[in-house]
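The file coords-v3.tsv comes next; it holds TSV, C-alpha atoms and all ligand atoms.
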```tsv
chain	number	residue	atom	x	y	z
A	1	MET	CA	57.49	69.26	3.03
A	2	LEU	CA	55.69	72.27	1.54
A	3	PHE	CA	52.49	73.95	2.75
A	4	ILE	CA	50.16	75.70	0.33
A	5	ASN	CA	46.53	76.82	0.37
A	6	SER	CA	43.89	75.63	-2.02
A	7	HIS	CA	43.87	79.00	-3.74
A	8	THR	CA	47.63	79.01	-4.29
A	9	LYS	CA	48.51	78.53	-7.95
A	10	ILE	CA	50.74	75.50	-7.76
A	11	PHE	CA	53.13	75.98	-10.65
A	12	SER	CA	54.69	79.36	-10.25
A	13	PRO	CA	55.68	79.16	-6.57
A	14	LEU	CA	57.24	75.69	-6.77
A	15	SER	CA	60.83	75.11	-7.79
A	16	ASN	CA	61.52	72.38	-10.37
A	17	GLU	CA	62.61	70.10	-7.58
A	18	GLN	CA	59.42	70.70	-5.63
A	19	SER	CA	57.08	70.30	-8.60
A	20	GLY	CA	59.05	67.52	-10.33
A	21	ASP	CA	57.81	64.29	-8.82
A	22	ILE	CA	55.08	64.63	-6.25
A	23	GLN	CA	54.04	61.23	-4.91
A	24	SER	CA	51.70	62.22	-2.11
A	25	VAL	CA	49.76	65.18	-0.79
A	26	LEU	CA	47.94	65.67	2.48
A	27	VAL	CA	44.96	68.03	2.69
A	28	ARG	CA	43.16	69.49	5.66
A	29	THR	CA	39.64	70.49	4.69
A	30	PRO	CA	37.53	72.74	6.90
A	31	ALA	CA	33.92	72.37	7.93
A	32	THR	CA	31.62	75.02	6.48
A	33	VAL	CA	28.44	76.80	7.49
A	34	ALA	CA	26.15	77.12	4.47
A	35	ASN	CA	23.30	79.59	4.00
A	36	MET	CA	24.46	82.03	6.72
A	37	VAL	CA	20.80	82.07	7.78
A	38	CYS	CA	19.22	84.27	5.09
A	39	GLY	CA	21.30	83.22	2.05
A	40	PHE	CA	19.89	79.80	1.20
A	41	ASP	CA	22.26	78.15	-1.32
A	42	ILE	CA	24.16	81.41	-1.96
A	43	LEU	CA	26.21	82.23	1.16
A	44	GLY	CA	28.62	80.20	3.28
A	45	PHE	CA	31.78	80.40	5.35
A	46	ALA	CA	34.58	78.07	6.40
A	47	VAL	CA	35.52	77.47	10.04
A	48	GLU	CA	38.80	76.48	11.67
A	49	GLU	CA	37.22	73.46	13.42
A	50	PRO	CA	36.20	70.74	12.85
A	51	TYR	CA	38.14	69.56	9.78
A	52	ASP	CA	38.86	66.38	7.80
A	53	THR	CA	42.24	65.14	6.64
A	54	MET	CA	42.92	63.16	3.48
A	55	GLN	CA	45.99	61.79	1.82
A	56	LEU	CA	46.15	61.25	-1.94
A	57	ASN	CA	48.97	58.97	-3.12
A	58	LYS	CA	50.14	57.87	-6.54
A	59	THR	CA	50.18	54.07	-6.92
A	60	ASN	CA	51.23	51.60	-9.60
A	61	GLN	CA	47.80	50.01	-9.72
A	62	LYS	CA	45.50	51.62	-12.32
A	63	GLY	CA	42.37	53.40	-11.14
A	64	LEU	CA	41.16	54.98	-7.91
A	65	THR	CA	41.15	53.16	-4.56
A	66	ILE	CA	39.40	54.75	-1.58
A	67	ILE	CA	40.21	53.82	2.00
A	68	HIS	CA	38.19	55.25	4.88
A	69	GLU	CA	40.21	55.53	8.08
A	70	ASP	CA	37.15	56.51	10.10
A	71	ASN	CA	34.13	54.65	11.44
A	72	TYR	CA	31.27	56.29	9.56
A	73	GLY	CA	30.61	53.33	7.27
A	74	LEU	CA	30.81	55.40	4.07
A	75	SER	CA	31.10	53.58	0.76
A	76	CYS	CA	34.60	52.99	-0.62
A	77	ASP	CA	33.20	52.45	-4.12
A	78	PRO	CA	34.42	55.58	-5.99
A	79	SER	CA	31.11	55.87	-7.88
A	80	GLN	CA	29.18	55.89	-4.56
A	81	ASN	CA	31.53	58.09	-2.55
A	82	VAL	CA	31.28	61.89	-2.71
A	83	ALA	CA	35.08	62.32	-2.82
A	84	GLY	CA	35.23	59.55	-5.44
A	85	VAL	CA	32.71	61.04	-7.89
A	86	ALA	CA	34.26	64.50	-7.55
A	87	LEU	CA	37.74	63.13	-8.20
A	88	LEU	CA	36.58	60.94	-11.11
A	89	SER	CA	35.03	63.98	-12.82
A	90	LEU	CA	38.38	65.80	-12.63
A	91	LEU	CA	40.29	62.73	-13.88
A	92	GLU	CA	37.88	62.30	-16.77
A	93	GLU	CA	38.18	65.92	-17.90
A	94	ALA	CA	41.97	65.77	-17.54
A	95	ASN	CA	42.05	62.51	-19.51
A	96	LEU	CA	43.77	60.79	-16.58
A	97	LYS	CA	41.22	58.11	-15.72
A	98	ASN	CA	43.78	55.32	-15.67
A	99	THR	CA	46.11	57.04	-13.24
A	100	GLY	CA	46.80	54.90	-10.19
A	101	LEU	CA	45.60	56.77	-7.09
A	102	GLU	CA	44.90	55.88	-3.49
A	103	LEU	CA	42.75	58.25	-1.41
A	104	ARG	CA	42.89	57.75	2.35
A	105	ILE	CA	40.13	59.69	4.11
A	106	HIS	CA	40.01	60.44	7.80
A	107	LYS	CA	36.79	62.26	8.55
A	108	GLN	CA	36.20	64.20	11.71
A	109	ILE	CA	33.24	66.10	10.31
A	110	LYS	CA	30.35	63.75	10.95
A	111	PRO	CA	28.15	63.01	7.91
A	112	GLY	CA	24.69	64.53	8.26
A	113	SER	CA	25.83	67.07	10.85
A	114	GLY	CA	25.08	70.19	8.79
A	115	VAL	CA	28.61	71.56	8.68
A	116	GLY	CA	29.58	70.51	5.18
A	117	SER	CA	30.84	66.95	5.67
A	118	SER	CA	30.23	65.90	2.06
A	119	ALA	CA	31.65	69.17	0.74
A	120	ALA	CA	34.86	68.67	2.74
A	121	SER	CA	35.32	65.21	1.20
A	122	ALA	CA	34.57	66.30	-2.36
A	123	ALA	CA	36.51	69.57	-2.25
A	124	GLY	CA	39.49	68.02	-0.47
A	125	ALA	CA	39.79	65.27	-3.06
A	126	VAL	CA	39.86	67.58	-6.08
A	127	VAL	CA	42.19	70.11	-4.47
A	128	ALA	CA	44.58	67.27	-3.58
A	129	ALA	CA	44.43	65.88	-7.13
A	130	ASN	CA	45.07	69.31	-8.66
A	131	VAL	CA	48.34	69.51	-6.74
A	132	LEU	CA	49.39	65.85	-6.95
A	133	LEU	CA	48.77	65.60	-10.69
A	134	GLN	CA	50.16	69.09	-11.34
A	135	ARG	CA	47.04	70.32	-13.09
A	136	ASN	CA	46.42	74.02	-13.11
A	137	TYR	CA	42.68	74.02	-12.53
A	138	GLN	CA	41.37	77.25	-11.11
A	139	ASN	CA	39.12	77.43	-8.06
A	140	ASP	CA	35.95	77.69	-10.17
A	141	ASP	CA	36.89	74.45	-11.96
A	142	LEU	CA	37.55	72.74	-8.64
A	143	VAL	CA	34.15	73.89	-7.36
A	144	ARG	CA	32.57	72.54	-10.56
A	145	PHE	CA	34.17	69.09	-10.06
A	146	ALA	CA	33.38	68.99	-6.34
A	147	MET	CA	29.70	69.83	-6.90
A	148	ASN	CA	29.32	66.33	-8.38
A	149	GLY	CA	29.89	65.07	-4.84
A	150	GLU	CA	27.09	67.31	-3.53
A	151	LYS	CA	24.81	65.97	-6.25
A	152	LEU	CA	25.48	62.43	-5.04
A	153	ALA	CA	24.95	63.42	-1.40
A	154	SER	CA	21.84	65.57	-1.68
A	155	GLY	CA	20.44	65.12	-5.17
A	156	VAL	CA	21.27	68.66	-6.32
A	157	LYS	CA	24.36	70.67	-7.08
A	158	HIS	CA	24.92	73.53	-4.67
A	159	ALA	CA	28.17	75.36	-3.90
A	160	ASP	CA	27.56	77.12	-0.59
A	161	ASN	CA	29.69	74.58	1.29
A	162	ILE	CA	32.12	73.72	-1.51
A	163	ALA	CA	33.02	77.33	-2.39
A	164	PRO	CA	34.00	78.51	1.11
A	165	CYS	CA	35.83	75.21	1.67
A	166	ILE	CA	38.00	75.86	-1.41
A	167	TYR	CA	38.21	79.67	-1.36
A	168	GLY	CA	38.24	80.06	2.43
A	169	GLY	CA	36.46	82.83	4.34
A	170	VAL	CA	32.96	83.93	3.37
A	171	THR	CA	31.74	83.37	-0.18
A	172	LEU	CA	28.74	84.54	-2.16
A	173	ILE	CA	27.60	82.24	-4.95
A	174	ARG	CA	25.80	84.64	-7.26
A	175	SER	CA	25.19	81.84	-9.75
A	176	ILE	CA	26.18	78.19	-10.22
A	177	PHE	CA	25.22	77.94	-13.94
A	178	PRO	CA	27.54	79.58	-14.91
A	179	LEU	CA	29.63	79.70	-11.76
A	180	ASP	CA	30.04	83.20	-10.35
A	181	ILE	CA	31.66	83.11	-6.90
A	182	ILE	CA	32.64	86.21	-4.96
A	183	SER	CA	34.88	86.18	-1.89
A	184	LEU	CA	33.56	88.56	0.75
A	185	PRO	CA	35.55	90.06	3.62
A	186	SER	CA	35.73	87.76	6.64
A	187	PRO	CA	34.64	89.58	9.76
A	188	ASP	CA	36.65	89.23	12.94
A	189	LEU	CA	33.99	87.14	14.66
A	190	PHE	CA	33.81	84.03	16.84
A	191	VAL	CA	31.63	81.11	15.86
A	192	THR	CA	29.90	78.80	18.31
A	193	ILE	CA	28.46	75.61	16.86
A	194	VAL	CA	26.34	72.98	18.58
A	195	HIS	CA	25.71	69.65	16.94
A	196	PRO	CA	22.89	67.75	18.64
A	197	GLN	CA	23.59	64.10	17.89
A	198	ILE	CA	20.78	63.42	15.49
A	199	GLU	CA	21.16	63.11	11.73
A	200	VAL	CA	19.26	65.28	9.26
A	201	ARG	CA	19.78	64.25	5.65
A	202	THR	CA	20.15	67.25	3.37
A	203	SER	CA	17.88	65.60	0.81
A	204	ASP	CA	15.12	65.28	3.46
A	205	ALA	CA	15.65	68.85	4.68
A	206	ARG	CA	15.31	70.07	1.09
A	207	SER	CA	12.28	67.96	0.27
A	208	ILE	CA	10.11	69.68	2.90
A	209	LEU	CA	10.74	73.22	1.61
A	210	LYS	CA	7.97	75.20	-0.06
A	211	GLN	CA	8.49	75.73	-3.78
A	212	ASN	CA	6.77	79.13	-3.80
A	213	VAL	CA	7.26	82.16	-1.57
A	214	GLN	CA	5.13	85.18	-0.79
A	215	LEU	CA	6.38	88.45	-2.26
A	216	ARG	CA	6.39	90.12	1.18
A	217	ASP	CA	8.63	87.33	2.52
A	218	ALA	CA	10.95	87.59	-0.48
A	219	ILE	CA	11.30	91.34	0.09
A	220	ARG	CA	12.23	90.76	3.72
A	221	GLN	CA	14.70	88.02	2.77
A	222	TRP	CA	16.57	90.00	0.11
A	223	GLY	CA	16.69	92.99	2.48
A	224	ASN	CA	18.48	90.72	4.95
A	225	ILE	CA	20.84	89.32	2.32
A	226	GLY	CA	21.76	92.82	1.16
A	227	GLY	CA	22.18	93.88	4.79
A	228	LEU	CA	24.40	90.92	5.57
A	229	VAL	CA	26.66	91.49	2.57
A	230	ALA	CA	26.88	95.20	3.42
A	231	GLY	CA	27.62	94.33	7.06
A	232	LEU	CA	30.48	92.05	5.95
A	233	MET	CA	31.87	94.72	3.61
A	234	LYS	CA	31.71	97.41	6.31
A	235	SER	CA	32.65	95.08	9.19
A	236	ASP	CA	29.50	96.34	10.90
A	237	HIS	CA	28.73	93.67	13.50
A	238	ALA	CA	25.37	95.14	14.48
A	239	LEU	CA	24.21	95.15	10.86
A	240	ILE	CA	25.44	91.56	10.44
A	241	GLY	CA	23.51	90.59	13.56
A	242	ARG	CA	20.19	92.10	12.57
A	243	SER	CA	20.47	90.68	9.04
A	244	LEU	CA	20.77	87.10	10.38
A	245	GLU	CA	17.06	86.47	9.91
A	246	ASP	CA	15.47	83.86	7.67
A	247	VAL	CA	11.74	84.06	6.99
A	248	LEU	CA	11.72	81.40	4.25
A	249	ILE	CA	13.65	78.29	5.24
A	250	GLU	CA	14.12	78.36	9.02
A	251	PRO	CA	10.41	78.30	9.93
A	252	VAL	CA	10.04	75.05	7.96
A	253	ARG	CA	13.31	73.32	8.84
A	254	SER	CA	13.62	74.27	12.50
A	255	ILE	CA	10.91	71.75	13.42
A	256	LEU	CA	13.48	69.02	12.58
A	257	ILE	CA	15.85	70.30	15.28
A	258	PRO	CA	14.93	69.73	18.92
A	259	GLY	CA	15.71	72.72	21.12
A	260	PHE	CA	16.21	75.10	18.20
A	261	ASP	CA	14.08	77.98	19.53
A	262	ALA	CA	15.62	77.74	23.00
A	263	VAL	CA	19.17	77.74	21.59
A	264	LYS	CA	18.45	80.84	19.54
A	265	LYS	CA	16.78	82.72	22.38
A	266	LYS	CA	19.37	81.84	25.03
A	267	SER	CA	22.31	82.52	22.70
A	268	LYS	CA	21.05	86.00	21.91
A	269	GLU	CA	20.43	86.67	25.60
A	270	ALA	CA	24.05	85.60	26.17
A	271	GLY	CA	25.17	88.30	23.74
A	272	ALA	CA	25.45	86.52	20.37
A	273	LEU	CA	24.92	88.76	17.35
A	274	GLY	CA	22.67	86.10	15.86
A	275	GLY	CA	22.75	82.82	14.00
A	276	GLY	CA	20.55	79.94	13.00
A	277	ILE	CA	20.59	76.55	11.31
A	278	SER	CA	23.98	75.59	9.88
A	279	GLY	CA	23.35	74.35	6.34
A	280	SER	CA	20.45	71.94	6.44
A	281	GLY	CA	21.00	71.17	10.16
A	282	PRO	CA	20.87	69.78	12.74
A	283	SER	CA	23.90	71.90	13.78
A	284	ILE	CA	23.14	75.44	14.90
A	285	PHE	CA	25.70	78.24	14.74
A	286	MET	CA	25.95	81.61	16.46
A	287	LEU	CA	28.28	84.54	15.74
A	288	SER	CA	29.75	86.67	18.52
A	289	SER	CA	32.05	89.68	18.55
A	290	GLU	CA	33.96	88.53	21.63
A	291	TYR	CA	35.54	85.19	22.55
A	292	GLN	CA	34.06	85.31	26.06
A	293	THR	CA	30.58	85.76	24.60
A	294	ALA	CA	31.13	82.78	22.28
A	295	LEU	CA	32.07	80.67	25.33
A	296	HIS	CA	29.00	81.89	27.20
A	297	VAL	CA	26.84	80.92	24.20
A	298	GLU	CA	28.44	77.47	24.25
A	299	GLN	CA	27.49	77.03	27.92
A	300	GLU	CA	23.87	77.96	27.16
A	301	MET	CA	23.77	75.47	24.28
A	302	LYS	CA	25.19	72.70	26.45
A	303	ALA	CA	22.72	73.46	29.24
A	304	ILE	CA	19.76	73.17	26.84
A	305	TYR	CA	20.79	69.81	25.39
A	306	SER	CA	21.92	68.42	28.73
A	307	ALA	CA	18.48	69.24	30.15
A	308	MET	CA	16.96	67.36	27.21
A	309	SER	CA	19.40	64.42	27.72
A	310	LEU	CA	20.42	64.79	24.07
A	311	ASP	CA	24.07	64.08	23.29
A	312	HIS	CA	25.79	67.00	21.59
A	313	HIS	CA	29.15	68.33	20.48
A	314	THR	CA	30.12	71.98	20.55
A	315	TYR	CA	32.88	74.01	18.91
A	316	VAL	CA	34.03	77.53	19.64
A	317	THR	CA	36.02	78.53	16.61
A	318	ARG	CA	36.69	81.27	14.06
A	319	ILE	CA	36.09	81.84	10.40
A	320	CYS	CA	38.83	80.04	8.45
A	321	SER	CA	40.12	82.52	5.90
A	322	LYS	CA	42.52	80.16	4.15
A	323	GLY	CA	40.33	77.25	3.05
A	324	ILE	CA	41.88	73.88	2.33
A	325	ARG	CA	45.51	73.49	3.41
A	326	VAL	CA	47.71	71.30	1.28
A	327	THR	CA	50.97	69.70	2.33
A	328	ILE	CA	53.17	68.16	-0.35
A	329	GLN	CA	54.99	65.15	1.10
B	1	LIG	N1	22.20	75.17	1.00
B	1	LIG	C1	22.16	73.77	1.35
B	1	LIG	C2	20.84	73.50	2.04
B	1	LIG	C3	23.31	73.45	2.24
B	1	LIG	O1	20.51	74.26	2.96
B	1	LIG	O2	20.13	72.55	1.70
B	1	LIG	C4	23.35	72.01	2.68
B	1	LIG	O3	24.46	71.84	3.53
```
Turn the structure described in the file into structure tokens.
Ligand code: HSE
Amino acid sequence: MLFINSHTKIFSPLSNEQSGDIQSVLVRTPATVANMVCGFDILGFAVEEPYDTMQLNKTNQKGLTIIHEDNYGLSCDPSQNVAGVALLSLLEEANLKNTGLELRIHKQIKPGSGVGSSAASAAGAVVAANVLLQRNYQNDDLVRFAMNGEKLASGVKHADNIAPCIYGGVTLIRSIFPLDIISLPSPDLFVTIVHPQIEVRTSDARSILKQNVQLRDAIRQWGNIGGLVAGLMKSDHALIGRSLEDVLIEPVRSILIPGFDAVKKKSKEAGALGGGISGSGPSIFMLSSEYQTALHVEQEMKAIYSAMSLDHHTYVTRICSKGIRVTIQ
């Protein structure tokens, strides 16, 4: 058994024996927090929990078979499955469409939760295929393939979940056409996430956004984005905290999330640096410098949703610097 990360080049580190005849790979794909509040579609980070697991096996039967080992009722038709379309785009470009493959998916990241469920499926599938089929696609290529899954899920290609899932840590997507992805330093911070058990479809959360912004709002937003990137580079937690402000998207989307204002207020009172909607919601994330603070924030989140009798899941976790983990079996 051999463990590698998604950003490990697979050929050079493997001996002939290891790279000779790979029949199966297992991947563990992290959840991701897109937008990082002010960076709509351009910033995101991976977290240690929750995560999905997938196994990609070679088979004698031509074509791709998908098996879901979870209870989310997702399509197993490769053309209607985010992992399937991402994987098919890689196979087509590699001229390997007839290869016999079986993809077994066990999701723990609930679809529609706002922590990159579709990205985990799409990114995990292409990273697994790159290793199993001994291709040497680079991370940018893998992001390009995986974005086809996002297009199926939300109607548009965006990389702010896919890129941190594959690269690990915090990523800036300066451009997607052409792809220009920059890994930023991962601060030593704790992440508290609450997922109120309602579903917000990314396509719906995008459809309500305004298409035009006021110049004064844009100025405030790019000040925050610059501040956040500088805060990450300098590991300046206070600067990170005060840059976690979104004057464009959050005021529109937060109405879809019950308890949002209370979670934000109580979390900051509990000592969180700041936070906001995770991706397109309904999950909400908060960053804290100390583990104890992150736990305190979790208690405040639980108290709010318990008082509303709204089922919820919480995670206290860290930024996942390694991205997708691959095990060759
Ligand atoms: N940037 C995307 C959005 C992320 O906010 O719509 C979706 O997870």
Checklist entry - When the cut-off is 7 Å and you count all atoms listed in the file, which residues lie near ligand LIG 1 (chain B), shown as a ChimeraX atom specification? => result /A:34-35,40-41,114-116,158,160-161,202,205-206,279-280
Give one line per residue of range 85-203 of chain A that approaches range 259-276 of chain A to at most 10 Å, naming the two atoms of the closest pair and their distance in Å to one decimal, counting only C-alpha atoms; sort by chain then ascending residue number and deliver it as a tab-separated table.
```
residue	atom	partner	partner_atom	distance
A:Leu189	CA	A:Leu273	CA	9.6
A:Phe190	CA	A:Ala272	CA	9.4
A:Val191	CA	A:Gly275	CA	9.2
A:Thr192	CA	A:Ala272	CA	9.1
A:Ile193	CA	A:Gly275	CA	9.6
A:Val194	CA	A:Val263	CA	9.1
A:Pro196	CA	A:Gly259	CA	9.1
```
Checklist entry - A:Val37, A:Val316, A:Val229, A:Ile324: which is nearest Ser254 in chain A, counting all atoms listed in the file? => result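 With all atoms listed in the file as the atom set, the closest residue is A:Val37.
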Item to check | Pairwise distance for CA of Ser154 in chain A and CA of Ala86 in chain A, rounded to one decimal in Å | outcome: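 So the answer is 13.8 Å.
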Item to check | Distance criterion (all atoms listed in the file): nearest to Pro258 in chain A out of A:Thr99, A:Asn212, A:Asn60, A:Ser283 | outcome: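 Among A:Thr99, A:Asn212, A:Asn60, A:Ser283, it is A:Ser283 that comes nearest to Pro258 in chain A.
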Using all atoms listed in the file, find each residue in range 130-229 of chain A having at least one atom no more than 8 Å away from range 66-85 of chain A; report its shortest atom-to-atom pair and that distance in Å (one decimal), rows by chain then rising number, as JSON lines.
```
{"residue": "A:Ala146", "atom": "CA", "partner": "A:Ala83", "partner_atom": "CA", "distance": 7.7}
{"residue": "A:Asn148", "atom": "CA", "partner": "A:Val85", "partner_atom": "CA", "distance": 6.3}
{"residue": "A:Gly149", "atom": "CA", "partner": "A:Val82", "partner_atom": "CA", "distance": 4.1}
{"residue": "A:Glu150", "atom": "CA", "partner": "A:Val82", "partner_atom": "CA", "distance": 6.9}
{"residue": "A:Leu152", "atom": "CA", "partner": "A:Val82", "partner_atom": "CA", "distance": 6.3}
{"residue": "A:Ala153", "atom": "CA", "partner": "A:Val82", "partner_atom": "CA", "distance": 6.6}
```
Can you tell me which residues surround Lys234 in chain A at a distance of at most 12 Å, considering only C-alpha atoms, apart from same-chain residues fewer than 5 positions away, and format the answer as an mmCIF file with C-alpha atoms, in the coordinates of the input?
```cif
data_model
loop_
_atom_site.group_PDB
_atom_site.id
_atom_site.type_symbol
_atom_site.label_atom_id
_atom_site.label_comp_id
_atom_site.auth_asym_id
_atom_site.auth_seq_id
_atom_site.Cartn_x
_atom_site.Cartn_y
_atom_site.Cartn_z
ATOM 1 C CA LEU A 184 33.560 88.560 0.750
ATOM 2 C CA PRO A 185 35.550 90.060 3.620
ATOM 3 C CA SER A 186 35.730 87.760 6.640
ATOM 4 C CA PRO A 187 34.640 89.580 9.760
ATOM 5 C CA ASP A 188 36.650 89.230 12.940
ATOM 6 C CA GLY A 227 22.180 93.880 4.790
ATOM 7 C CA LEU A 228 24.400 90.920 5.570
ATOM 8 C CA VAL A 229 26.660 91.490 2.570
ATOM 9 C CA LEU A 239 24.210 95.150 10.860
ATOM 10 C CA ILE A 240 25.440 91.560 10.440
#
```
Checklist entry - Neighbours of Met147 in chain A within 9 Å (only C-alpha atoms; same-chain residues fewer than 3 positions away dropped), as an MDAnalysis selection string? => result chainID A and resid 86 119 122:123 142:144 150:152 156:159 162
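Of the listed residues A:Ile255, A:Leu232, A:Val213, A:Met54, the one whose atoms come nearest to Ile105 in chain A is A:Met54, with distances taken using all atoms listed in the file.
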Item to check | Proximity to Gln138 in chain A - best of A:Ala230, A:Leu90, A:Leu96, A:Ile225, only C-alpha atoms | outcome: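 Checking each candidate against Gln138 in chain A, we get A:Leu90 as the closest.
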Next on the checklist: To one decimal place in Å, what is the distance between CA of Gly168 in chain A and CA of Ala46 in chain A?
Outcome noted: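 Separation of CA of Gly168 in chain A and CA of Ala46 in chain A: 5.8 Å.
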Next on the checklist: One decimal, in Å: what's the spacing between CA of Ser289 in chain A and CA of Ser117 in chain A?
Outcome noted: 26.2 Å
Next on the checklist: Residues proximal to (17.7, 67.2, 12.7) were defined as those with any atom within 7 Å of that point in the file's coordinates, counting all atoms listed in the file. Which are they, as a list in words?
Outcome noted: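 The answer, in the requested form, is Ile198, Glu199, Val200, Leu256, Ile257, Gly281 and Pro282 of chain A.
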Next on the checklist: Taking (12.7, 78.7, 6.2) as a centre in this file's frame and 9 Å as the limit, can you find every polymer residue with an atom that close, using all atoms listed in the file, and give them as a PyMOL selection string?
Outcome noted: chain A and resi 37-38+40+209-210+246-254
Next on the checklist: Set the distance at 8 Å and use only C-alpha atoms: which residues neighbour range 25-33 of chain A once local chain neighbours fewer than 2 positions away are removed? I'd like the list as a VMD selection string.
Outcome noted: chain A and resid 22 to 23 35 to 36 44 to 57 109 114 to 117 120 to 121 123 to 124 127 to 128 131 to 132 161 164 to 165 278 to 279 285 320 323 to 329
At a cut-off of 8 Å, using all atoms listed in the file, what residues contact Leu179 in chain A? Leave out same-chain residues fewer than 4 positions from it and give the result as a PDB file with C-alpha atoms, keeping the file's coordinate frame.
```pdb
ATOM      1  CA  ASP A 140      35.950  77.690 -10.170  1.00  0.00           C
ATOM      2  CA  ARG A 144      32.570  72.540 -10.560  1.00  0.00           C
ATOM      3  CA  ILE A 173      27.600  82.240  -4.950  1.00  0.00           C
ATOM      4  CA  ARG A 174      25.800  84.640  -7.260  1.00  0.00           C
ATOM      5  CA  SER A 175      25.190  81.840  -9.750  1.00  0.00           C
TER       6      SER A 175
END
```
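When all atoms listed in the file are used to compute distances to Arg201 in chain A, the closest of the residues A:Gly226, A:Pro111, A:Pro178, A:Gly231 turns out to be A:Pro111.
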Checklist entry - Taking into account all atoms listed in the file, which residue in the set A:Ser24, A:Gln211, A:Thr317, A:Ala129 is nearest to Glu298 in chain A? => result A:Thr317
Missing atoms in range 298-311 of chain A need filling: write out N, CA and C atoms for it as a short mmCIF file (atom, residue, chain, number, x, y, z; two decimals), in the coordinates of the input.
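Final output, part_26.cif:
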```cif
data_model
loop_
_atom_site.label_atom_id
_atom_site.label_comp_id
_atom_site.auth_asym_id
_atom_site.auth_seq_id
_atom_site.Cartn_x
_atom_site.Cartn_y
_atom_site.Cartn_z
N GLU A 298 28.22 78.92 24.21
CA GLU A 298 28.44 77.47 24.25
C GLU A 298 27.84 76.86 25.53
N GLN A 299 28.04 77.55 26.65
CA GLN A 299 27.49 77.03 27.92
C GLN A 299 25.97 76.95 27.87
N GLU A 300 25.34 77.96 27.27
CA GLU A 300 23.87 77.96 27.16
C GLU A 300 23.40 76.80 26.28
N MET A 301 24.13 76.58 25.18
CA MET A 301 23.77 75.47 24.28
C MET A 301 23.88 74.13 25.00
N LYS A 302 24.97 73.96 25.72
CA LYS A 302 25.19 72.70 26.45
C LYS A 302 24.09 72.49 27.49
N ALA A 303 23.74 73.58 28.18
CA ALA A 303 22.72 73.46 29.24
C ALA A 303 21.38 73.00 28.64
N ILE A 304 21.04 73.53 27.47
CA ILE A 304 19.76 73.17 26.84
C ILE A 304 19.74 71.69 26.47
N TYR A 305 20.82 71.22 25.83
CA TYR A 305 20.79 69.81 25.39
C TYR A 305 21.03 68.84 26.54
N SER A 306 21.77 69.28 27.56
CA SER A 306 21.92 68.42 28.73
C SER A 306 20.57 68.23 29.42
N ALA A 307 19.81 69.34 29.51
CA ALA A 307 18.48 69.24 30.15
C ALA A 307 17.55 68.33 29.36
N MET A 308 17.79 68.24 28.05
CA MET A 308 16.96 67.36 27.21
C MET A 308 17.55 65.95 27.12
N SER A 309 18.67 65.71 27.80
CA SER A 309 19.40 64.42 27.72
C SER A 309 19.71 64.05 26.27
N LEU A 310 20.07 65.03 25.48
CA LEU A 310 20.42 64.79 24.07
C LEU A 310 21.92 65.02 23.91
N ASP A 311 22.62 63.95 23.49
CA ASP A 311 24.07 64.08 23.29
C ASP A 311 24.36 65.19 22.28
#
```
